[in-house]
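First the structure, in the form of C-alpha cells, and then the observations on it.
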Amino acid sequence: MSSPGIVNVSKFVSAGNKKFAKYVDYVDREKAIRNEHFSEFNANRYDGYHRYMENPEKSSGLFTANKNNLNKEERQKLKESFQLAQKNDSIMWQDVISFDNQFLKEGGIYNPATGYLDETALQASIREGMLATLRNENMEASAVWTASIHYNTDNIHVHIAIVEPHPTREYSTFKNKKTGEIYKARRGLRKRNSLDLMKSKVANHLMDRDKELIKVTELVNQRMLPTEQRLKEFLTLPMQQLMKSIYQELPEDMRKWKYNMNALDAIRPKIDVLTNMYVNQYHPEDRHELNEALNDQKEFFKRMYGEGTKEANRFEDYKTNKEQEFYAKMGNAFLNECKNIRTNEQHAFYQKFGENKKFYSTGLSRRTLKKLRDSLQHDYRSMKNQRKYQELQDEMERK
C-alpha cells in the first residue's frame, strides 16, 4: 500500500482556549522564537502520517493570502486581527497540510539531496486550497489566515491558523462528555468536503494538474460533441433508424424526457448506442485520448491519497463518472430537441384537427429529422459559446 502524497489534519479551539491565547502571543514574533515555543500554541499533536510534531528546527516565516513574507509592522497588524477575533469569541482553526517528500520530489518541488524547496510554489498552492475551502464554508470575506512551512527529515508540512475577526459562526448548545456540563459555544466543525477541497486544490495546483483536468473537461464537454461539419453527416441511415426507434418509445409525458430519469431506463441503452455510433465513427482518437487522460488522473488520485484509503476509494469510479457525464450530455441534447419536435408536432396536429382531438405522434419523418439536425447545430453553437464564456470567467477569477 503506497503512502499518501498529501494528507491534512485539522483541529479547532475556542477563544478561551490557552492555545488561542498563546498563538496570539507569538504571532508577531520572529520565526526562531515561534519555533522554540511552537508546542505551546500548536493544537495538532500529529502530522497526518501518525508522527508526533515537535518544535521545528527550521521553518519559513509567516505568509498570508496576499503576502509571501511579513515584516514587523505587518505581523503586528496580523496580531491585532487575531486579538480582535479572540475578543469577539471567534473559533481558531488550525490545519496541517503534510506532504510525502517523495511526492514533492516527483513534482520538482523539493530536492532532498540539496534541501531545496520551492516555497513560492508551495505558498501559491496553499492559497488556492484556502480560497476553495473558505468559499465552501462561506468564510471567504470574514476569515483571516496565516501559515508557515515547517521542515523536518520525514515530511514537509504547512501549519495554517484561521480566525474570524467578526465571527459568522452561530452559537449552539453542547454537552461536555466528561462532566456532563451543558454549555454554549460557536460551531467550529467544518464540512468534510471543505477539507477534501483543500487537499485536492493544493495537490492539483502544486503538480500542475489543472491542465490535465481541463483536457478531460474539454474532451467531455466540447471536442467529442458534434461539430457543425459532423452534424451534417450525423444522420446516417443507421442513426436515423435508431433515432426513430427511440422517438417512438419515449413516454407520453415530455417532463420525463431527461436522460437520467427512471422513465427512460428501458431506452437509455439505445441512446448510449447512438452516442457510441457517433463517437466511434467521428472521434475514435479523441475517445482514446479521453481514456488515457481519465486513467492518468485516476492514477494521480491514487498517488495523492494512497491506495486503500477512504479518500482514494472515492475516486475509483472517476473514469466511469466522467464517461457517464458525456453520455448524459449527448443524450439530453438529443432529448431536448425531441421535445421541440414533439411540441411542434402537437401544435400542427391541433391546428389541423382541433384541441378536442386526441393527439398521436407520426414519428420522425425526414423533415423532422432535418429539423432535429438543424436544432442540434444551434445547440452546439450555444454550448460552445457558453463554454467560451465560462473559460473567460475562469480566467478572470485566476487573475
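Chain labels run A, B, ... following the order of the C-alpha cells; each chain numbers its residues from 1, and ligands are numbered from 1 in the order shown.
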
Which of segment 60-129 of chain A end up as strand (DSSP E or B) when DSSP is run on this backbone - answer as an mmCIF file with N, CA and C atoms, in the first residue's frame?
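File out23.cif, as written:
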```cif
data_model
loop_
_atom_site.group_PDB
_atom_site.id
_atom_site.type_symbol
_atom_site.label_atom_id
_atom_site.label_comp_id
_atom_site.auth_asym_id
_atom_site.auth_seq_id
_atom_site.Cartn_x
_atom_site.Cartn_y
_atom_site.Cartn_z
ATOM 1 N N PHE A 63 3.299 33.521 6.138
ATOM 2 C CA PHE A 63 2.755 34.096 4.907
ATOM 3 C C PHE A 63 1.237 34.107 5.014
ATOM 4 N N THR A 64 0.590 34.903 4.176
ATOM 5 C CA THR A 64 -0.861 35.082 4.252
ATOM 6 C C THR A 64 -1.464 34.970 2.856
ATOM 7 N N MET A 92 -10.728 29.443 16.495
ATOM 8 C CA MET A 92 -9.476 29.402 15.745
ATOM 9 C C MET A 92 -9.297 27.985 15.220
ATOM 10 N N TRP A 93 -9.210 27.879 13.897
ATOM 11 C CA TRP A 93 -8.958 26.594 13.257
ATOM 12 C C TRP A 93 -7.464 26.469 12.975
ATOM 13 N N GLN A 94 -6.910 25.331 13.284
ATOM 14 C CA GLN A 94 -5.518 25.042 12.935
ATOM 15 C C GLN A 94 -5.485 23.822 12.015
ATOM 16 N N ASP A 95 -5.001 24.013 10.803
ATOM 17 C CA ASP A 95 -4.878 22.939 9.821
ATOM 18 C C ASP A 95 -3.409 22.633 9.583
ATOM 19 N N VAL A 96 -3.118 21.373 9.329
ATOM 20 C CA VAL A 96 -1.775 20.965 8.951
ATOM 21 C C VAL A 96 -1.866 20.202 7.627
ATOM 22 N N ILE A 97 -1.201 20.705 6.606
ATOM 23 C CA ILE A 97 -1.095 20.022 5.315
ATOM 24 C C ILE A 97 0.294 19.405 5.259
ATOM 25 N N SER A 98 0.360 18.070 5.249
ATOM 26 C CA SER A 98 1.645 17.363 5.254
ATOM 27 C C SER A 98 1.869 16.666 3.924
ATOM 28 N N PHE A 99 3.129 16.620 3.501
ATOM 29 C CA PHE A 99 3.483 16.050 2.207
ATOM 30 C C PHE A 99 4.462 14.893 2.376
ATOM 31 N N ASP A 100 4.272 13.862 1.574
ATOM 32 C CA ASP A 100 5.298 12.844 1.416
ATOM 33 C C ASP A 100 6.407 13.502 0.593
ATOM 34 N N TYR A 110 10.745 19.720 -4.535
ATOM 35 C CA TYR A 110 11.698 19.510 -3.449
ATOM 36 C C TYR A 110 12.859 18.644 -3.934
ATOM 37 N N ASN A 111 14.091 19.030 -3.539
ATOM 38 C CA ASN A 111 15.283 18.245 -3.847
ATOM 39 C C ASN A 111 15.898 17.790 -2.528
ATOM 40 N N TYR A 116 16.649 21.863 -1.168
ATOM 41 C CA TYR A 116 15.915 22.974 -1.794
ATOM 42 C C TYR A 116 14.425 22.671 -1.834
ATOM 43 N N LEU A 117 13.613 23.644 -1.454
ATOM 44 C CA LEU A 117 12.160 23.565 -1.550
ATOM 45 C C LEU A 117 11.650 24.822 -2.244
#
```

Could you pull out the residues in segment 31-219 of chain A that DSSP calls alpha helix (DSSP H) from the backbone, as an MDAnalysis selection string?
chainID A and resid 31:36 38:41 72:87 101:106 119:136 192:206 210:218

When you look at Ala147 of chain A with a cut-off of 9 Å (counting only C-alpha atoms), what residues show up, excluding the ones that are within fewer than 6 positions of it in the same chain? I need them as a list of chain:residue names.
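The neighbour list is A:Gly61, A:Leu62, A:Phe63, A:Thr64, A:Gln123, A:Ile126, A:Val158, A:His159, A:Ile160, A:Ala161, A:Ile162.
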
Take the residues from that selection and put them in a file with N, CA and C atoms, as a PDB file, in the first residue's frame.
```pdb
ATOM      1  N   GLY A  61       9.085  31.924   7.334  1.00  0.00           N
ATOM      2  CA  GLY A  61       8.342  32.960   8.040  1.00  0.00           C
ATOM      3  C   GLY A  61       6.859  32.829   7.739  1.00  0.00           C
ATOM      4  N   LEU A  62       6.050  33.602   8.428  1.00  0.00           N
ATOM      5  CA  LEU A  62       4.614  33.577   8.175  1.00  0.00           C
ATOM      6  C   LEU A  62       4.300  34.124   6.795  1.00  0.00           C
ATOM      7  N   PHE A  63       3.299  33.521   6.138  1.00  0.00           N
ATOM      8  CA  PHE A  63       2.755  34.096   4.907  1.00  0.00           C
ATOM      9  C   PHE A  63       1.237  34.107   5.014  1.00  0.00           C
ATOM     10  N   THR A  64       0.590  34.903   4.176  1.00  0.00           N
ATOM     11  CA  THR A  64      -0.861  35.082   4.252  1.00  0.00           C
ATOM     12  C   THR A  64      -1.464  34.970   2.856  1.00  0.00           C
ATOM     13  N   GLN A 123       3.513  27.976  -1.323  1.00  0.00           N
ATOM     14  CA  GLN A 123       2.644  29.039  -0.825  1.00  0.00           C
ATOM     15  C   GLN A 123       1.473  29.285  -1.770  1.00  0.00           C
ATOM     16  N   ILE A 126      -1.124  26.562  -1.393  1.00  0.00           N
ATOM     17  CA  ILE A 126      -1.899  26.720  -0.157  1.00  0.00           C
ATOM     18  C   ILE A 126      -2.958  27.806  -0.343  1.00  0.00           C
ATOM     19  N   VAL A 158       2.784  22.233   6.265  1.00  0.00           N
ATOM     20  CA  VAL A 158       2.392  23.645   6.377  1.00  0.00           C
ATOM     21  C   VAL A 158       1.361  23.769   7.492  1.00  0.00           C
ATOM     22  N   HIS A 159       1.633  24.662   8.436  1.00  0.00           N
ATOM     23  CA  HIS A 159       0.700  24.938   9.533  1.00  0.00           C
ATOM     24  C   HIS A 159      -0.101  26.195   9.194  1.00  0.00           C
ATOM     25  N   ILE A 160      -1.408  26.100   9.327  1.00  0.00           N
ATOM     26  CA  ILE A 160      -2.307  27.199   8.978  1.00  0.00           C
ATOM     27  C   ILE A 160      -3.198  27.504  10.179  1.00  0.00           C
ATOM     28  N   ALA A 161      -3.372  28.782  10.461  1.00  0.00           N
ATOM     29  CA  ALA A 161      -4.298  29.214  11.510  1.00  0.00           C
ATOM     30  C   ALA A 161      -5.317  30.165  10.893  1.00  0.00           C
ATOM     31  N   ILE A 162      -6.583  29.946  11.204  1.00  0.00           N
ATOM     32  CA  ILE A 162      -7.684  30.721  10.620  1.00  0.00           C
ATOM     33  C   ILE A 162      -8.568  31.258  11.739  1.00  0.00           C
TER      34      ILE A 162
END
```

Skipping near chain neighbours, those fewer than 4 positions away, what residues fall within 8 Å of segment 131-142 of chain A using only C-alpha atoms, listed as a list in words?
Arg127, Glu164, Pro165, His166, Pro167, Thr168, Arg190, Lys191, Ser194, Leu195, Leu197, Met198 and Lys201 of chain A

Could you check how far atom CA of Leu78 of chain A sits from atom CA of Asn193 of chain A, in Å to one decimal?
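We find that atom CA of Leu78 of chain A and atom CA of Asn193 of chain A lie 28.1 Å from each other.
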
Counting only C-alpha atoms, the residue among A:Asn295, A:Asn35, A:Asn336, A:Asn101 that lies closest to Tyr23 of chain A is A:Asn35

What's around Gly16 of chain A at 8 Å? Count only C-alpha atoms, leave out sequence neighbours fewer than 3 positions away in its own chain, and write the answer as a ChimeraX atom specification.
/A:20-21,86,89

Output the selection as a PDB file, in the first residue's frame - all heavy atoms for each residue.
```pdb
ATOM      1  N   PHE A  20      -5.174  29.283  21.798  1.00  0.00           N
ATOM      2  CA  PHE A  20      -5.541  30.517  21.079  1.00  0.00           C
ATOM      3  C   PHE A  20      -4.734  31.686  21.640  1.00  0.00           C
ATOM      4  O   PHE A  20      -4.111  32.460  20.898  1.00  0.00           O
ATOM      5  CB  PHE A  20      -7.044  30.769  21.234  1.00  0.00           C
ATOM      6  CG  PHE A  20      -7.626  31.723  20.219  1.00  0.00           C
ATOM      7  CD1 PHE A  20      -8.832  31.425  19.594  1.00  0.00           C
ATOM      8  CD2 PHE A  20      -6.993  32.920  19.879  1.00  0.00           C
ATOM      9  CE1 PHE A  20      -9.391  32.296  18.661  1.00  0.00           C
ATOM     10  CE2 PHE A  20      -7.552  33.796  18.961  1.00  0.00           C
ATOM     11  CZ  PHE A  20      -8.745  33.486  18.342  1.00  0.00           C
ATOM     12  N   ALA A  21      -4.728  31.800  22.952  1.00  0.00           N
ATOM     13  CA  ALA A  21      -4.022  32.911  23.600  1.00  0.00           C
ATOM     14  C   ALA A  21      -2.529  32.877  23.279  1.00  0.00           C
ATOM     15  O   ALA A  21      -1.910  33.915  22.987  1.00  0.00           O
ATOM     16  CB  ALA A  21      -4.241  32.865  25.101  1.00  0.00           C
ATOM     17  N   GLN A  86     -10.214  37.004  18.930  1.00  0.00           N
ATOM     18  CA  GLN A  86     -10.302  36.408  20.263  1.00  0.00           C
ATOM     19  C   GLN A  86     -11.288  37.187  21.138  1.00  0.00           C
ATOM     20  O   GLN A  86     -12.097  36.595  21.856  1.00  0.00           O
ATOM     21  CB  GLN A  86      -8.922  36.396  20.910  1.00  0.00           C
ATOM     22  CG  GLN A  86      -8.878  35.656  22.239  1.00  0.00           C
ATOM     23  CD  GLN A  86      -7.497  35.679  22.864  1.00  0.00           C
ATOM     24  OE1 GLN A  86      -6.704  36.583  22.592  1.00  0.00           O
ATOM     25  NE2 GLN A  86      -7.195  34.680  23.679  1.00  0.00           N
ATOM     26  N   ASP A  89     -14.828  36.351  20.419  1.00  0.00           N
ATOM     27  CA  ASP A  89     -15.177  34.952  20.662  1.00  0.00           C
ATOM     28  C   ASP A  89     -15.195  34.111  19.384  1.00  0.00           C
ATOM     29  O   ASP A  89     -16.067  33.254  19.185  1.00  0.00           O
ATOM     30  CB  ASP A  89     -16.535  34.849  21.370  1.00  0.00           C
ATOM     31  CG  ASP A  89     -16.705  33.519  22.103  1.00  0.00           C
ATOM     32  OD1 ASP A  89     -15.678  32.929  22.484  1.00  0.00           O
ATOM     33  OD2 ASP A  89     -17.851  33.074  22.266  1.00  0.00           O
TER      34      ASP A  89
END
```
